[in-house]
Amino acid sequence: MPLAVYVLAVSVFALGTSEFMLSGLLPPIADDMGVSIPRAGLLISAFAIGMVVGAPLLAAATLRLPRKTTLVALLAVFGLGQTLGALAPTYEVLFVSRVVSALACAGFWAVGAAVAIAMVPANARARAMAVMIGGLSIANVLGVPAGAFLGEHLGWRAAFWAVGAASALALVGVVTRIPHIPVPERRSGLKGELAIYRDRQVWLSVAVTAFSAGGVFCAFSYLAPLLTDVAGLADGWVPTVLALFGLGALAGTTIGGRVADAHLFGVLLSGITASTVLLAALALFASSPVAVVGLSFLLGVSAFYTAPALNARMFNVAVAAPTLAGATTTAAFNLGNTGGPWLGGAVIDAGFGFASTAWAGAAMTTAAIVLAAVSLRLHGRTRVIDGRGTDGRTVLTRLRPARPGVPERELEFCAEGTGSARPGQPSGDAPAL
């Protein structure tokens with residue numbers, strides 16, 4: 001794996017720490033800014049919505065710009081956003097800083113994922129994405145607890161300064177280690193890239209990602225009150241269990257990244273099914289402290305086990321538009337991260353209790369399983385867009401249904417449309433369906 005991919009993971013560590021650290025900083029922020037905790041919580045929602053909106057918008061806006069230049073600019077803006085947050089005199093300024101940071105974060109994720117994919121062969125895409133997502137997992141294990149620690153002992157602004165410093169280090173790495181990736185000579189332009197949205201497999205990938213992520217975060221967002229109010233654990237256990245979830249996420253990302261390139265749908269279906277079973281078990285055994293602690297770790301494993309496959313699948317079905325593919329995946333994950341907690345809050349407000357969030361999450365992941373099965377059924381006869389027509393326009397290639405006895409991987413690299421790839425052998429960026 002190229003060193004540059006690990007540099008991107010370090011950058012993602014800073015981005016992920018900023019995204020999630022506010023969950024442990026809301027009380028001191030609310031006190032300092034003179035607002036209620038629910039209003040301070042809107043800072044989290046603002047970041048998530050900024051990620052959903054910013055990913056496709058910035059991907060489209062930077063489509064014709066050099067990739068490395070775009071990464072440097074976005075990471076610099078993100079660092080400035082952290083500085084603005086650390087210096088914010090009012091809640092309104094802090095809110096603006098979160099929106100700015102979210103937009104830069106979304107753009108970096110989208111472009112960074114496309115860069116990571118471009119630096120590895122087609123049969124190593126999931127591993128490359130696993131390395132990047134590993135930065136997010138480590139952010140949950142180390143960055144978020146460290147932010148809470150700084151907030152408790154040095155004030156919440158210290159956490160923003162620390163993330164700003166981390167982003168500065170990441171910026172140095174991007175400048176010195178990310179290679180120049182030239183803009184392709186033959187470009188389909190924005191209209192050509194937008195053509196990926198005519199593909200039903202793209203929308204199925206969006207839905208599977210949103211429902212699988214949303215199901216897990218429907219329960220995870222309310223894990224703290226479930227631990228204390230239902231399982232009866234002391235407040236001091238909350239950071240420990242959250243760290244266990246993060247460790248599980250790191251383990252799941254590592255395993256999934258190594259397996260997904262060869263068994264993409266197997267990882268998707270087995271991982272989402274495991275999350276569904278674990279969420280149901282969490283609901284059933286919510287009053288058992290031992291069970292809740294163990295299930296939290298396993299849920300981290302199953303949830304992030306599928307993450308590399310979810311990312312790789314989008315790049316495979318949207319091979320003609322790698323930047324928009326990364327942006328679309330980022331938006332899909334954040335749709336789930338926004339919709340899941342909303343659904344969890346709705347069932348709590350309806351009087352069903354904190355354990356009900358796990359049942360609601362299991363319903364969402366069940367929907368993801370159904371949609372993944374539909375995508376698998378269509379696999380082998382769904383067209384891909386390779387964007388290599390002689391006139392520079394997007395080419396639409398249709399694949400025949402898989403024939404009995406023909407291995408799946410024999411058909412994976414036959415869709416490039418250039419005539420240079422032999423069955424079962426990749427050529428360039430030929431898509432693995």
# chains A, B, ... in the order shown; residues from 1 in each chain; ligands from 1
>>> residues_around(residues="Ala116 in chain A", least_positions_apart="2", cutoff="10 Å", atoms="only C-alpha atoms", output="NGL selection string")
:A and (1-2 or 4-6 or 8-9 or 111-114 or 118-120 or 125 or 127-129 or 131-132 or 178)
>>> write_last_selection(atoms="N, CA and C atoms", output="PDB file, in the first residue's frame")
ATOM      1  N   MET A   1       0.851  -1.197   0.000  1.00  0.00           N
ATOM      2  CA  MET A   1       0.000   0.000   0.000  1.00  0.00           C
ATOM      3  C   MET A   1       0.891   1.254   0.000  1.00  0.00           C
ATOM      4  N   PRO A   2       0.672   2.190  -0.910  1.00  0.00           N
ATOM      5  CA  PRO A   2       1.521   3.398  -0.972  1.00  0.00           C
ATOM      6  C   PRO A   2       1.474   4.191   0.329  1.00  0.00           C
ATOM      7  N   ALA A   4       1.418   7.274   0.653  1.00  0.00           N
ATOM      8  CA  ALA A   4       0.490   8.397   0.522  1.00  0.00           C
ATOM      9  C   ALA A   4      -0.897   8.053   1.042  1.00  0.00           C
ATOM     10  N   VAL A   5      -1.306   6.786   0.936  1.00  0.00           N
ATOM     11  CA  VAL A   5      -2.625   6.379   1.445  1.00  0.00           C
ATOM     12  C   VAL A   5      -2.654   6.509   2.967  1.00  0.00           C
ATOM     13  N   TYR A   6      -1.536   6.193   3.619  1.00  0.00           N
ATOM     14  CA  TYR A   6      -1.460   6.335   5.071  1.00  0.00           C
ATOM     15  C   TYR A   6      -1.448   7.812   5.475  1.00  0.00           C
ATOM     16  N   LEU A   8      -3.147  10.068   3.906  1.00  0.00           N
ATOM     17  CA  LEU A   8      -4.574  10.402   3.852  1.00  0.00           C
ATOM     18  C   LEU A   8      -5.291   9.925   5.119  1.00  0.00           C
ATOM     19  N   ALA A   9      -4.893   8.765   5.638  1.00  0.00           N
ATOM     20  CA  ALA A   9      -5.504   8.248   6.866  1.00  0.00           C
ATOM     21  C   ALA A   9      -5.217   9.161   8.052  1.00  0.00           C
ATOM     22  N   VAL A 111     -12.505  13.827  -2.434  1.00  0.00           N
ATOM     23  CA  VAL A 111     -11.320  13.874  -3.291  1.00  0.00           C
ATOM     24  C   VAL A 111     -10.261  12.893  -2.784  1.00  0.00           C
ATOM     25  N   GLY A 112     -10.089  12.816  -1.465  1.00  0.00           N
ATOM     26  CA  GLY A 112      -9.092  11.913  -0.906  1.00  0.00           C
ATOM     27  C   GLY A 112      -9.381  10.461  -1.242  1.00  0.00           C
ATOM     28  N   ALA A 113     -10.648  10.075  -1.206  1.00  0.00           N
ATOM     29  CA  ALA A 113     -11.011   8.705  -1.565  1.00  0.00           C
ATOM     30  C   ALA A 113     -10.688   8.434  -3.027  1.00  0.00           C
ATOM     31  N   ALA A 114     -10.982   9.396  -3.900  1.00  0.00           N
ATOM     32  CA  ALA A 114     -10.673   9.230  -5.315  1.00  0.00           C
ATOM     33  C   ALA A 114      -9.168   9.119  -5.538  1.00  0.00           C
ATOM     34  N   ALA A 118      -7.070   5.951  -6.999  1.00  0.00           N
ATOM     35  CA  ALA A 118      -6.230   6.140  -8.190  1.00  0.00           C
ATOM     36  C   ALA A 118      -4.811   5.623  -7.984  1.00  0.00           C
ATOM     37  N   MET A 119      -4.358   5.511  -6.740  1.00  0.00           N
ATOM     38  CA  MET A 119      -2.981   5.116  -6.468  1.00  0.00           C
ATOM     39  C   MET A 119      -2.799   3.614  -6.302  1.00  0.00           C
ATOM     40  N   VAL A 120      -3.894   2.847  -6.375  1.00  0.00           N
ATOM     41  CA  VAL A 120      -3.786   1.401  -6.182  1.00  0.00           C
ATOM     42  C   VAL A 120      -4.464   0.689  -7.343  1.00  0.00           C
ATOM     43  N   ARG A 125      -8.773  -1.821  -4.048  1.00  0.00           N
ATOM     44  CA  ARG A 125      -9.554  -0.636  -3.691  1.00  0.00           C
ATOM     45  C   ARG A 125     -10.079  -0.710  -2.267  1.00  0.00           C
ATOM     46  N   ARG A 127      -8.930  -2.370   0.243  1.00  0.00           N
ATOM     47  CA  ARG A 127      -7.833  -2.236   1.207  1.00  0.00           C
ATOM     48  C   ARG A 127      -7.425  -0.774   1.363  1.00  0.00           C
ATOM     49  N   ALA A 128      -7.371  -0.048   0.236  1.00  0.00           N
ATOM     50  CA  ALA A 128      -7.019   1.373   0.310  1.00  0.00           C
ATOM     51  C   ALA A 128      -8.052   2.139   1.126  1.00  0.00           C
ATOM     52  N   MET A 129      -9.332   1.842   0.895  1.00  0.00           N
ATOM     53  CA  MET A 129     -10.373   2.516   1.654  1.00  0.00           C
ATOM     54  C   MET A 129     -10.337   2.100   3.121  1.00  0.00           C
ATOM     55  N   VAL A 131      -7.672   1.533   4.841  1.00  0.00           N
ATOM     56  CA  VAL A 131      -6.626   2.325   5.487  1.00  0.00           C
ATOM     57  C   VAL A 131      -7.160   3.718   5.825  1.00  0.00           C
ATOM     58  N   MET A 132      -7.861   4.334   4.865  1.00  0.00           N
ATOM     59  CA  MET A 132      -8.433   5.656   5.134  1.00  0.00           C
ATOM     60  C   MET A 132      -9.451   5.612   6.263  1.00  0.00           C
ATOM     61  N   ILE A 178       1.903  13.243  -1.019  1.00  0.00           N
ATOM     62  CA  ILE A 178       0.901  12.928  -2.040  1.00  0.00           C
ATOM     63  C   ILE A 178       1.488  13.267  -3.409  1.00  0.00           C
TER      64      ILE A 178
END
>>> residues_around(residues="range 210-215 of chain A", least_positions_apart="4", cutoff="7 Å", atoms="only C-alpha atoms", output="ChimeraX atom specification")
/A:206,272,332-333,335-337,339-340,361-362,364-365,367-368
>>> residues_around(residues="Val174 in chain A", least_positions_apart="6", cutoff="10 Å", atoms="only C-alpha atoms", output="number ranges by chain")
A: 4-5, 7-8, 10-11, 68-69, 71-72, 75, 168
>>> write_last_selection(atoms="all heavy atoms", output="mmCIF file, in the first residue's frame")
data_model
loop_
_atom_site.group_PDB
_atom_site.id
_atom_site.type_symbol
_atom_site.label_atom_id
_atom_site.label_comp_id
_atom_site.auth_asym_id
_atom_site.auth_seq_id
_atom_site.Cartn_x
_atom_site.Cartn_y
_atom_site.Cartn_z
ATOM 1 N N ALA A 4 1.418 7.274 0.653
ATOM 2 C CA ALA A 4 0.490 8.397 0.522
ATOM 3 C C ALA A 4 -0.897 8.053 1.042
ATOM 4 O O ALA A 4 -1.612 8.923 1.557
ATOM 5 C CB ALA A 4 0.406 8.833 -0.944
ATOM 6 N N VAL A 5 -1.306 6.786 0.936
ATOM 7 C CA VAL A 5 -2.625 6.379 1.445
ATOM 8 C C VAL A 5 -2.654 6.509 2.967
ATOM 9 O O VAL A 5 -3.664 6.920 3.552
ATOM 10 C CB VAL A 5 -2.954 4.943 1.005
ATOM 11 C CG1 VAL A 5 -4.291 4.491 1.597
ATOM 12 C CG2 VAL A 5 -3.002 4.845 -0.513
ATOM 13 N N VAL A 7 -0.883 8.657 4.635
ATOM 14 C CA VAL A 7 -0.932 10.096 4.890
ATOM 15 C C VAL A 7 -2.379 10.578 4.858
ATOM 16 O O VAL A 7 -2.814 11.388 5.691
ATOM 17 C CB VAL A 7 -0.077 10.862 3.856
ATOM 18 C CG1 VAL A 7 -0.309 12.367 3.966
ATOM 19 C CG2 VAL A 7 1.391 10.540 4.053
ATOM 20 N N LEU A 8 -3.147 10.068 3.906
ATOM 21 C CA LEU A 8 -4.574 10.402 3.852
ATOM 22 C C LEU A 8 -5.291 9.925 5.119
ATOM 23 O O LEU A 8 -6.190 10.596 5.628
ATOM 24 C CB LEU A 8 -5.213 9.785 2.613
ATOM 25 C CG LEU A 8 -4.762 10.357 1.260
ATOM 26 C CD1 LEU A 8 -5.354 9.542 0.114
ATOM 27 C CD2 LEU A 8 -5.180 11.823 1.131
ATOM 28 N N VAL A 10 -4.011 9.709 8.119
ATOM 29 C CA VAL A 10 -3.679 10.663 9.185
ATOM 30 C C VAL A 10 -4.568 11.906 9.071
ATOM 31 O O VAL A 10 -5.054 12.435 10.082
ATOM 32 C CB VAL A 10 -2.188 11.046 9.110
ATOM 33 C CG1 VAL A 10 -1.875 12.168 10.102
ATOM 34 C CG2 VAL A 10 -1.316 9.833 9.401
ATOM 35 N N SER A 11 -4.784 12.352 7.863
ATOM 36 C CA SER A 11 -5.672 13.497 7.654
ATOM 37 C C SER A 11 -7.088 13.169 8.114
ATOM 38 O O SER A 11 -7.749 13.984 8.773
ATOM 39 C CB SER A 11 -5.677 13.893 6.173
ATOM 40 O OG SER A 11 -4.378 14.170 5.702
ATOM 41 N N LYS A 68 -4.086 17.050 -5.977
ATOM 42 C CA LYS A 68 -3.244 17.400 -4.839
ATOM 43 C C LYS A 68 -3.512 18.830 -4.393
ATOM 44 O O LYS A 68 -3.619 19.106 -3.181
ATOM 45 C CB LYS A 68 -1.770 17.230 -5.200
ATOM 46 C CG LYS A 68 -0.819 17.553 -4.044
ATOM 47 C CD LYS A 68 0.626 17.247 -4.408
ATOM 48 C CE LYS A 68 1.556 17.571 -3.252
ATOM 49 N NZ LYS A 68 2.970 17.222 -3.557
ATOM 50 N N THR A 69 -3.629 19.743 -5.339
ATOM 51 C CA THR A 69 -3.926 21.138 -4.999
ATOM 52 C C THR A 69 -5.245 21.238 -4.249
ATOM 53 O O THR A 69 -5.368 21.994 -3.268
ATOM 54 C CB THR A 69 -3.984 21.992 -6.273
ATOM 55 O OG1 THR A 69 -2.729 21.899 -6.960
ATOM 56 C CG2 THR A 69 -4.273 23.441 -5.945
ATOM 57 N N LEU A 71 -6.698 18.894 -2.387
ATOM 58 C CA LEU A 71 -6.534 18.352 -1.038
ATOM 59 C C LEU A 71 -5.852 19.361 -0.116
ATOM 60 O O LEU A 71 -6.270 19.542 1.041
ATOM 61 C CB LEU A 71 -5.719 17.062 -1.087
ATOM 62 C CG LEU A 71 -6.391 15.834 -1.706
ATOM 63 C CD1 LEU A 71 -5.415 14.668 -1.766
ATOM 64 C CD2 LEU A 71 -7.633 15.437 -0.916
ATOM 65 N N VAL A 72 -4.803 19.997 -0.614
ATOM 66 C CA VAL A 72 -4.085 20.988 0.195
ATOM 67 C C VAL A 72 -5.008 22.134 0.579
ATOM 68 O O VAL A 72 -5.051 22.571 1.744
ATOM 69 C CB VAL A 72 -2.853 21.511 -0.571
ATOM 70 C CG1 VAL A 72 -2.250 22.719 0.138
ATOM 71 C CG2 VAL A 72 -1.812 20.407 -0.712
ATOM 72 N N LEU A 75 -7.744 20.974 3.150
ATOM 73 C CA LEU A 75 -7.195 20.719 4.477
ATOM 74 C C LEU A 75 -6.810 22.031 5.166
ATOM 75 O O LEU A 75 -6.976 22.184 6.383
ATOM 76 C CB LEU A 75 -5.984 19.800 4.368
ATOM 77 C CG LEU A 75 -5.530 19.080 5.643
ATOM 78 C CD1 LEU A 75 -6.688 18.336 6.293
ATOM 79 C CD2 LEU A 75 -4.405 18.103 5.316
ATOM 80 N N ALA A 168 -2.638 20.599 10.762
ATOM 81 C CA ALA A 168 -1.422 21.225 10.228
ATOM 82 C C ALA A 168 -0.370 20.158 9.920
ATOM 83 O O ALA A 168 0.306 20.213 8.880
ATOM 84 C CB ALA A 168 -0.875 22.247 11.220
#
>>> select_by_dssp(residues="range 158-406 of chain A", states="helix (DSSP H, G or I)", output="ChimeraX atom specification")
/A:158-177,189-198,200-220,223-230,237-259,264-284,289-305,307-317,322-349,356-378
>>> residues_around(residues="Leu22 in chain A", least_positions_apart="5", cutoff="9 Å", atoms="only C-alpha atoms", output="list in words")
Thr17, Ile29, Gly41, Leu43, Ile44, Val144, Gly147, Ala148 and Trp156 of chain A
>>> decode(residues="range 329-348 of chain A", atoms="N, CA, C and O atoms", output="compact mmCIF listing (two decimals), in the first residue's frame")
# COMPACT_ATOMS: atom_id res chain seq x y z
N THR A 329 -20.66 8.56 -1.70
CA THR A 329 -20.53 7.66 -0.55
C THR A 329 -20.47 8.45 0.75
O THR A 329 -21.10 8.07 1.75
N THR A 330 -19.71 9.54 0.75
CA THR A 330 -19.64 10.39 1.94
C THR A 330 -21.01 10.91 2.33
O THR A 330 -21.40 10.89 3.51
N ALA A 331 -21.76 11.39 1.34
CA ALA A 331 -23.10 11.90 1.61
C ALA A 331 -24.01 10.79 2.12
O ALA A 331 -24.82 11.00 3.04
N ALA A 332 -23.88 9.58 1.54
CA ALA A 332 -24.74 8.46 1.96
C ALA A 332 -24.48 8.08 3.41
O ALA A 332 -25.42 7.84 4.19
N PHE A 333 -23.20 7.99 3.80
CA PHE A 333 -22.88 7.67 5.20
C PHE A 333 -23.46 8.73 6.14
O PHE A 333 -24.00 8.40 7.20
N ASN A 334 -23.35 9.99 5.75
CA ASN A 334 -23.84 11.04 6.63
C ASN A 334 -25.35 11.16 6.62
O ASN A 334 -25.94 11.64 7.59
N LEU A 335 -26.00 10.73 5.56
CA LEU A 335 -27.46 10.61 5.60
C LEU A 335 -27.86 9.60 6.67
O LEU A 335 -28.80 9.84 7.44
N GLY A 336 -27.14 8.48 6.71
CA GLY A 336 -27.41 7.50 7.75
C GLY A 336 -27.08 8.02 9.13
O GLY A 336 -27.84 7.80 10.08
N ASN A 337 -25.96 8.74 9.24
CA ASN A 337 -25.56 9.28 10.54
C ASN A 337 -26.51 10.37 11.03
O ASN A 337 -26.54 10.67 12.23
N THR A 338 -27.27 10.97 10.11
CA THR A 338 -28.27 11.96 10.50
C THR A 338 -29.63 11.33 10.73
O THR A 338 -30.30 11.61 11.72
N GLY A 339 -30.04 10.45 9.80
CA GLY A 339 -31.36 9.83 9.90
C GLY A 339 -31.48 8.82 11.02
O GLY A 339 -32.54 8.72 11.67
N GLY A 340 -30.40 8.05 11.28
CA GLY A 340 -30.46 7.06 12.35
C GLY A 340 -30.71 7.66 13.71
O GLY A 340 -31.65 7.26 14.42
N PRO A 341 -29.90 8.66 14.14
CA PRO A 341 -30.18 9.30 15.42
C PRO A 341 -31.55 9.97 15.49
O PRO A 341 -32.17 9.97 16.55
N TRP A 342 -32.01 10.51 14.35
CA TRP A 342 -33.35 11.10 14.35
C TRP A 342 -34.40 10.05 14.65
O TRP A 342 -35.32 10.27 15.45
N LEU A 343 -34.30 8.88 14.00
CA LEU A 343 -35.26 7.81 14.24
C LEU A 343 -35.16 7.32 15.69
O LEU A 343 -36.19 7.07 16.34
N GLY A 344 -33.94 7.21 16.21
CA GLY A 344 -33.78 6.81 17.60
C GLY A 344 -34.44 7.78 18.55
O GLY A 344 -35.12 7.38 19.51
N GLY A 345 -34.26 9.08 18.30
CA GLY A 345 -34.91 10.08 19.14
C GLY A 345 -36.42 10.01 19.04
O GLY A 345 -37.13 10.23 20.03
N ALA A 346 -36.92 9.69 17.85
CA ALA A 346 -38.38 9.61 17.66
C ALA A 346 -38.98 8.47 18.48
O ALA A 346 -40.05 8.64 19.10
N VAL A 347 -38.32 7.31 18.49
CA VAL A 347 -38.90 6.20 19.26
C VAL A 347 -38.76 6.44 20.76
O VAL A 347 -39.61 5.99 21.55
N ILE A 348 -37.72 7.16 21.17
CA ILE A 348 -37.59 7.51 22.59
C ILE A 348 -38.69 8.48 22.98
O ILE A 348 -39.35 8.32 24.02
